[in-house]
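Colleague: Handing over structure-v3.pdb, PDB, C-alpha atoms and all ligand atoms.
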```pdb
MODEL        1
ATOM      1  CA  MET F   1      -3.692  12.219   5.196
ATOM      2  CA  GLU F   2      -2.528   8.717   4.267
ATOM      3  CA  PRO F   3      -5.107   8.138   1.487
ATOM      4  CA  LEU F   4      -4.248  11.534  -0.005
ATOM      5  CA  ALA F   5      -0.512  10.807   0.171
ATOM      6  CA  CYS F   6      -1.048   7.351  -1.355
ATOM      7  CA  SER F   7      -3.113   8.796  -4.192
ATOM      8  CA  GLU F   8      -0.618  11.619  -4.897
ATOM      9  CA  ILE F   9       2.432   9.357  -4.869
ATOM     10  CA  PHE F  10       0.727   6.787  -7.098
ATOM     11  CA  ASP F  11      -0.268   9.498  -9.603
ATOM     12  CA  ARG F  12       3.218  10.977  -9.665
ATOM     13  CA  LEU F  13       4.832   7.591 -10.239
ATOM     14  CA  GLU F  14       2.247   6.714 -12.917
ATOM     15  CA  LYS F  15       3.130   9.880 -14.824
ATOM     16  CA  ASP F  16       6.879   9.444 -14.422
ATOM     17  CA  PRO F  17       8.359   8.056 -17.690
ATOM     18  CA  ASN F  18      10.820   6.032 -15.603
ATOM     19  CA  PHE F  19       7.861   4.022 -14.343
ATOM     20  CA  ARG F  20       6.537   3.229 -17.817
ATOM     21  CA  ASP F  21       7.970   0.705 -20.240
ATOM     22  CA  SER F  22       8.863   1.237 -23.904
ATOM     23  CA  GLN F  23       5.183   0.742 -24.874
ATOM     24  CA  ASN F  24       4.065   3.314 -22.293
ATOM     25  CA  ILE F  25       2.548   0.623 -20.039
ATOM     26  CA  PRO F  26       2.807   1.406 -16.294
ATOM     27  CA  LYS F  27       5.498  -0.626 -14.573
ATOM     28  CA  ILE F  28       3.864  -0.548 -11.135
ATOM     29  CA  LYS F  29       2.226  -3.952 -10.834
ATOM     30  CA  VAL F  30       1.736  -4.297  -7.067
ATOM     31  CA  VAL F  31       1.141  -1.847  -4.239
ATOM     32  CA  THR F  32       1.470  -3.162  -0.676
ATOM     33  CA  THR F  33      -0.162  -1.348   2.228
ATOM     34  CA  ASP F  34      -1.899  -2.176   5.472
ATOM     35  CA  ARG F  35      -5.578  -3.214   5.269
ATOM     36  CA  SER F  36      -6.965   0.302   5.632
ATOM     37  CA  THR F  37     -10.382   0.573   3.956
ATOM     38  CA  ALA F  38      -9.599   4.156   2.863
ATOM     39  CA  ILE F  39      -6.491   2.975   0.973
ATOM     40  CA  LYS F  40      -8.482   0.092  -0.511
ATOM     41  CA  ALA F  41     -10.924   2.684  -1.901
ATOM     42  CA  VAL F  42      -8.035   4.737  -3.354
ATOM     43  CA  MET F  43      -6.569   1.715  -5.121
ATOM     44  CA  LYS F  44      -9.988   0.669  -6.412
ATOM     45  CA  LYS F  45     -10.356   4.095  -7.994
ATOM     46  CA  LYS F  46      -6.860   3.957  -9.512
ATOM     47  CA  ASN F  47      -7.666   0.595 -11.054
ATOM     48  CA  GLN F  48     -10.922   1.929 -12.516
ATOM     49  CA  LEU F  49      -8.859   4.639 -14.231
ATOM     50  CA  ARG F  50      -6.414   2.039 -15.491
ATOM     51  CA  GLN F  51      -9.301  -0.033 -16.823
ATOM     52  CA  GLN F  52     -10.663   2.991 -18.692
ATOM     53  CA  ALA F  53      -7.203   3.575 -20.173
ATOM     54  CA  LYS F  54      -7.026  -0.152 -21.078
ATOM     55  CA  GLU F  55      -3.987  -0.580 -18.863
ATOM     56  CA  PRO F  56      -3.252  -3.674 -16.732
ATOM     57  CA  GLU F  57      -4.572  -3.804 -13.189
ATOM     58  CA  CYS F  58      -2.296  -2.881 -10.295
ATOM     59  CA  LYS F  59      -2.606  -5.515  -7.553
ATOM     60  CA  HIS F  60      -3.276  -4.167  -4.093
ATOM     61  CA  GLY F  61      -1.613  -6.485  -1.591
ATOM     62  CA  ALA F  62      -2.030  -6.553   2.172
ATOM     63  CA  ASP F  63       1.161  -6.187   4.162
ATOM     64  CA  LEU F  64       2.154  -9.431   5.856
ATOM     65  CA  TRP F  65       4.088  -7.555   8.562
ATOM     66  CA  HIS F  66       0.957  -5.662   9.685
ATOM     67  CA  TYR F  67      -1.167  -8.801   9.371
ATOM     68  CA  ASP F  68       1.128 -10.714  11.710
ATOM     69  CA  LYS F  69       1.455  -7.730  14.069
ATOM     70  CA  ASN F  70      -2.318  -7.352  14.421
ATOM     71  CA  ILE F  71      -2.941 -11.051  15.078
ATOM     72  CA  THR F  72      -0.004 -11.280  17.490
ATOM     73  CA  THR F  73      -1.209  -8.214  19.420
ATOM     74  CA  ASP F  74      -4.633  -9.835  19.856
ATOM     75  CA  LEU F  75      -3.061 -13.151  20.871
ATOM     76  CA  ARG F  76      -0.817 -11.506  23.472
ATOM     77  CA  LYS F  77      -3.789  -9.601  24.857
ATOM     78  CA  LEU F  78      -5.779 -12.840  25.141
ATOM     79  CA  CYS F  79      -2.871 -14.665  26.745
ATOM     80  CA  LYS F  80      -2.714 -12.172  29.605
ATOM     81  CA  ALA F  81      -5.748 -13.984  31.044
ATOM     82  CA  LYS F  82      -4.930 -16.885  33.344
ATOM     83  CA  TYR F  83      -7.211 -19.331  31.496
ATOM     84  CA  ALA F  84      -5.332 -18.629  28.231
ATOM     85  CA  ARG F  85      -1.971 -19.658  29.664
ATOM     86  CA  PRO F  86      -1.824 -22.939  27.605
ATOM     87  CA  LEU F  87      -1.927 -20.872  24.388
ATOM     88  CA  ARG F  88       1.061 -18.674  25.311
ATOM     89  CA  PRO F  89       3.848 -21.082  24.270
ATOM     90  CA  TRP F  90       2.156 -21.529  20.887
ATOM     91  CA  ILE F  91       2.515 -17.876  19.867
ATOM     92  CA  PRO F  92       5.964 -18.185  18.143
ATOM     93  CA  SER F  93       4.775 -21.233  16.143
ATOM     94  CA  LEU F  94       1.528 -19.510  15.187
ATOM     95  CA  ARG F  95       3.475 -16.440  14.005
ATOM     96  CA  ARG F  96       5.702 -18.609  11.802
ATOM     97  CA  PHE F  97       2.529 -20.182  10.453
ATOM     98  CA  ILE F  98       1.145 -16.738   9.522
ATOM     99  CA  TYR F  99       4.238 -16.062   7.387
ATOM    100  CA  TRP F 100       4.350 -19.581   5.991
ATOM    101  CA  SER F 101       0.701 -19.614   4.827
ATOM    102  CA  PRO F 102       0.975 -17.037   1.992
ATOM    103  CA  GLN F 103       4.605 -17.830   1.208
ATOM    104  CA  SER F 104       3.719 -21.466   0.497
ATOM    105  CA  SER F 105       0.567 -20.622  -1.483
ATOM    106  CA  ARG F 106       1.913 -18.660  -4.444
ATOM    107  CA  GLY F 107       0.177 -19.694  -7.648
ATOM    108  CA  MET F 108      -2.355 -21.752  -5.720
ATOM    109  CA  PRO F 109      -6.149 -21.257  -5.976
ATOM    110  CA  LYS F 110      -7.803 -18.417  -4.114
ATOM    111  CA  GLY F 111      -8.913 -19.507  -0.687
ATOM    112  CA  THR F 112      -5.807 -21.602   0.024
ATOM    113  CA  ILE F 113      -4.225 -18.977   2.297
ATOM    114  CA  ALA F 114      -7.439 -18.565   4.310
ATOM    115  CA  GLU F 115      -7.733 -22.340   4.748
ATOM    116  CA  LYS F 116      -4.136 -22.576   5.897
ATOM    117  CA  LEU F 117      -4.550 -19.749   8.389
ATOM    118  CA  MET F 118      -7.743 -21.232   9.808
ATOM    119  CA  SER F 119      -6.072 -24.637  10.117
ATOM    120  CA  MET F 120      -3.987 -23.205  12.966
ATOM    121  CA  VAL F 121      -7.032 -23.862  15.158
ATOM    122  CA  ASP F 122      -6.837 -27.556  14.232
ATOM    123  CA  HIS F 123      -3.065 -27.864  14.492
ATOM    124  CA  ILE F 124      -3.021 -26.807  18.108
ATOM    125  CA  GLN F 125      -5.513 -29.622  18.879
ATOM    126  CA  ASN F 126      -3.239 -32.152  17.152
ATOM    127  CA  VAL F 127      -5.554 -32.367  14.136
ATOM    128  CA  HIS F 128      -3.625 -32.313  10.863
ATOM    129  CA  GLU F 129      -6.200 -33.380   8.268
ATOM    130  CA  PHE F 130      -8.969 -31.085   7.043
ATOM    131  CA  PRO F 131     -11.428 -32.980   4.793
ATOM    132  CA  GLN F 132     -13.872 -30.047   4.937
ATOM    133  CA  ASN F 133     -11.344 -27.812   3.086
ATOM    134  CA  LYS F 134     -11.332 -27.309  -0.674
ATOM    135  CA  HIS F 135      -7.587 -26.844  -1.172
ATOM    136  CA  PHE F 136      -5.577 -27.431   1.998
ATOM    137  CA  LYS F 137      -6.545 -30.961   2.941
ATOM    138  CA  ARG F 138      -3.738 -31.985   5.243
ATOM    139  CA  CYS F 139      -0.751 -30.629   7.056
ATOM    140  CA  SER F 140       2.122 -30.498   4.568
ATOM    141  CA  HIS F 141       4.930 -28.920   6.535
ATOM    142  CA  GLY F 142       4.465 -30.426   9.951
ATOM    143  CA  MET F 143       4.215 -28.347  13.045
ATOM    144  CA  PRO F 144       6.379 -30.220  15.504
ATOM    145  CA  ALA F 145       5.330 -29.822  19.080
ATOM    146  CA  PRO F 146       8.415 -29.844  21.294
ATOM    147  CA  SER F 147       7.862 -31.082  24.808
ATOM    148  CA  ARG F 148       7.056 -27.593  26.120
ATOM    149  CA  LEU F 149       4.100 -27.317  23.702
ATOM    150  CA  LYS F 150       1.006 -29.118  24.843
ATOM    151  CA  TYR F 151      -1.926 -29.597  22.493
ATOM    152  CA  ILE F 152      -5.092 -27.727  23.416
ATOM    153  CA  ALA F 153      -8.136 -29.757  24.495
ATOM    154  CA  LYS F 154     -10.821 -30.111  21.804
ATOM    155  CA  ASN F 155     -13.548 -28.481  23.875
ATOM    156  CA  SER F 156     -11.425 -25.534  25.032
ATOM    157  CA  ILE F 157     -12.791 -22.004  24.790
ATOM    158  CA  LEU F 158      -9.301 -21.042  23.569
ATOM    159  CA  LEU F 159     -10.077 -22.606  20.189
ATOM    160  CA  THR F 160     -13.073 -20.306  19.726
ATOM    161  CA  LYS F 161     -10.996 -17.334  20.840
ATOM    162  CA  LEU F 162      -8.189 -18.210  18.414
ATOM    163  CA  ARG F 163     -10.703 -18.713  15.584
ATOM    164  CA  ASP F 164     -12.176 -15.269  16.303
ATOM    165  CA  ILE F 165      -8.736 -13.634  16.298
ATOM    166  CA  ILE F 166      -7.730 -15.199  12.969
ATOM    167  CA  SER F 167     -11.106 -14.292  11.416
ATOM    168  CA  GLY F 168     -11.019 -10.705  12.667
ATOM    169  CA  LYS F 169     -13.997  -8.455  13.234
ATOM    170  CA  ASN F 170     -16.852  -9.473  10.888
ATOM    171  CA  ASN F 171     -14.424 -11.940   9.254
ATOM    172  CA  SER F 172     -12.553  -8.971   7.757
ATOM    173  CA  ARG F 173      -9.130 -10.442   8.469
ATOM    174  CA  ILE F 174      -9.720 -13.848   6.923
ATOM    175  CA  ASN F 175     -11.631 -12.307   3.994
ATOM    176  CA  ASP F 176      -8.466 -10.324   3.190
ATOM    177  CA  ALA F 177      -6.223 -13.400   3.302
ATOM    178  CA  ASN F 178      -6.039 -13.637  -0.508
ATOM    179  CA  SER F 179      -4.437 -10.211  -0.683
ATOM    180  CA  LEU F 180      -1.421 -11.596   1.210
ATOM    181  CA  GLU F 181      -0.435 -13.672  -1.827
ATOM    182  CA  GLU F 182       2.277 -11.228  -2.953
ATOM    183  CA  CYS F 183       3.892 -11.562   0.500
ATOM    184  CA  GLY F 184       4.757  -7.859   0.469
ATOM    185  CA  GLN F 185       6.092  -6.455   3.710
ATOM    186  CA  THR F 186       6.392  -2.874   4.911
ATOM    187  CA  GLY F 187       8.375  -3.712   8.037
ATOM    188  CA  LEU F 188      11.467  -1.830   6.789
ATOM    189  CA  ASN F 189       9.408   1.330   6.103
ATOM    190  CA  GLU F 190       7.879   1.092   9.570
ATOM    191  CA  THR F 191      11.334   0.807  11.138
ATOM    192  CA  LEU F 192      12.530   3.841   9.173
ATOM    193  CA  ASN F 193       9.410   5.804  10.172
ATOM    194  CA  SER F 194       9.897   5.034  13.844
ATOM    195  CA  LEU F 195      13.530   6.180  13.565
ATOM    196  CA  HIS F 196      12.316   9.433  11.994
ATOM    197  CA  ASN F 197       9.799   9.830  14.817
ATOM    198  CA  MET F 198      12.620   9.590  17.328
ATOM    199  CA  TYR F 199      14.467  12.623  15.855
ATOM    200  CA  ALA F 200      11.454  14.508  14.525
ATOM    201  CA  PRO F 201       8.512  13.575  16.782
ATOM    202  CA  LYS F 202       5.036  14.198  15.417
ATOM    203  CA  TYR F 203       4.073  16.398  18.414
ATOM    204  CA  LEU F 204       6.685  19.037  17.425
ATOM    205  CA  GLY F 205       5.988  21.582  14.706
ATOM    206  CA  LEU F 206       9.224  21.857  12.750
ATOM    207  CA  THR F 207      10.151  23.833   9.664
ATOM    208  CA  HIS F 208      10.505  21.973   6.395
ATOM    209  CA  GLN F 209      14.289  22.500   6.448
ATOM    210  CA  THR F 210      14.584  21.154  10.014
ATOM    211  CA  MET F 211      12.494  18.127   9.036
ATOM    212  CA  ILE F 212      14.900  17.411   6.178
ATOM    213  CA  ILE F 213      17.920  17.751   8.500
ATOM    214  CA  LYS F 214      16.376  15.585  11.227
ATOM    215  CA  GLY F 215      15.028  13.035   8.768
TER     216      GLY F 215
HETATM  217 ZN    ZN F 301      -0.014 -30.155  11.264
ENDMDL
END
```
Just give me the structure as structure tokens.

Modeller:
Amino acid sequence: MEPLACSEIFDRLEKDPNFRDSQNIPKIKVVTTDRSTAIKAVMKKKNQLRQQAKEPECKHGADLWHYDKNITTDLRKLCKAKYARPLRPWIPSLRRFIYWSPQSSRGMPKGTIAEKLMSMVDHIQNVHEFPQNKHFKRCSHGMPAPSRLKYIAKNSILLTKLRDIISGKNNSRINDANSLEECGQTGLNETLNSLHNMYAPKYLGLTHQTMIIKG
């Protein structure tokens, strides 16, 4: 349903004169969604149509809120294990790092966000210089380690686990890092949707009018 809804809404807004400028150029420049492959395919198709019509591309950005949520969920799952206890206190710092990486990389070359995200693995070992990187060579913001945060040993399995979480399955997460550059966030929509679900749960079949009243 979501790809269909995305496609329909995009088409309607594209046709709406309020979303076109005085030269009839579409005003929608960026669309932010989660990293669903079905939505990626929809936006690819929309951009092919724009290209045919000689209209500017609409950027498809990944939602930073979902990106953080997915990584944090994996981290919390990992940290339930006893051996992963040393990583637990790092979670708030790592989450701030996830938000900081794209926000501090606007206008920078592609690949910078991915390098920053991957550098989290080095930071937690007290390594702050990355000569192997192309763009992000050294820690620029500092990641102070208060006394409760202890650096992770260089040979720890936790480093491999953290690297795997940041990379995602088949590197899909880190390969999508560039699409975070717009720093779009759908957190507010998600909050509104969960409020709607409270008054009009998905397991109840309601009439259209009742949905409007409850929504
Ligand atoms: Zn650092």

Colleague: Mind listing the residues within 12 Å of ligand ZN 301 (chain F), all atoms listed in the file counted, as number ranges by chain?

Modeller: F: 93-94, 97, 116-130, 136-145, 151

Colleague: Tell me which of F:Cys6, F:Ile165, F:Leu192, F:Met198 sits closest to Val31 (chain F), counting all atoms listed in the file.

Modeller: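 For Val31 (chain F), the nearest of the candidates is F:Cys6.
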
Colleague: So what does the PyMOL selection byres (((chain F and resi 29) around 10) and not hetatm) actually pick up in this one, as a PyMOL selection string?

Modeller: chain F and resi 26-28+30-31+56-60

Colleague: Once the PyMOL selection byres (((chain F and resi 11) around 12) and not hetatm) has been applied to the shown file, what residues remain in the selection, as a PyMOL selection string?

Modeller: chain F and resi 4-10+12-17+19+26+28+42-43+45-47+49-50

Colleague: Here's a test: counting all atoms listed in the file, identify every protein, DNA and RNA residue with an atom at most 9 Å from (-1.0, -15.9, 8.5) in the file's coordinate frame, and state them as a list in words.

Modeller: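 Nearby residues: Leu64, Tyr67, Asp68, Ile71, Leu94, Arg95, Arg96, Phe97, Ile98, Tyr99, Trp100, Ser101, Pro102, Ile113, Ala114, Lys116, Leu117, Met118, Ile166, Ala177 and Leu180 of chain F.
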
Colleague: Calculate how many Å separate CA of Tyr83 (chain F) from CA of Leu158 (chain F), rounding to one decimal.

Modeller: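 Answer for the CA of Tyr83 (chain F) to CA of Leu158 (chain F) separation: 8.4 Å.
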
Colleague: Grab the CA of Glu2 (chain F) to CA of Lys110 (chain F) distance for me, in Å with one decimal place.

Modeller: 28.9 Å

Colleague: What does the distance between CA of Asn197 (chain F) and CA of Asn70 (chain F) come to in Å, to one decimal place?

Modeller: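 Going from CA of Asn197 (chain F) over to CA of Asn70 (chain F) covers 21.0 Å.
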
Colleague: Between F:Thr112, F:Asn133, F:Thr72, F:Gln103, single out the one closest to Ile174 (chain F), counting only C-alpha atoms.

Modeller: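 Among F:Thr112, F:Asn133, F:Thr72, F:Gln103, it is F:Thr112 that comes nearest to Ile174 (chain F).
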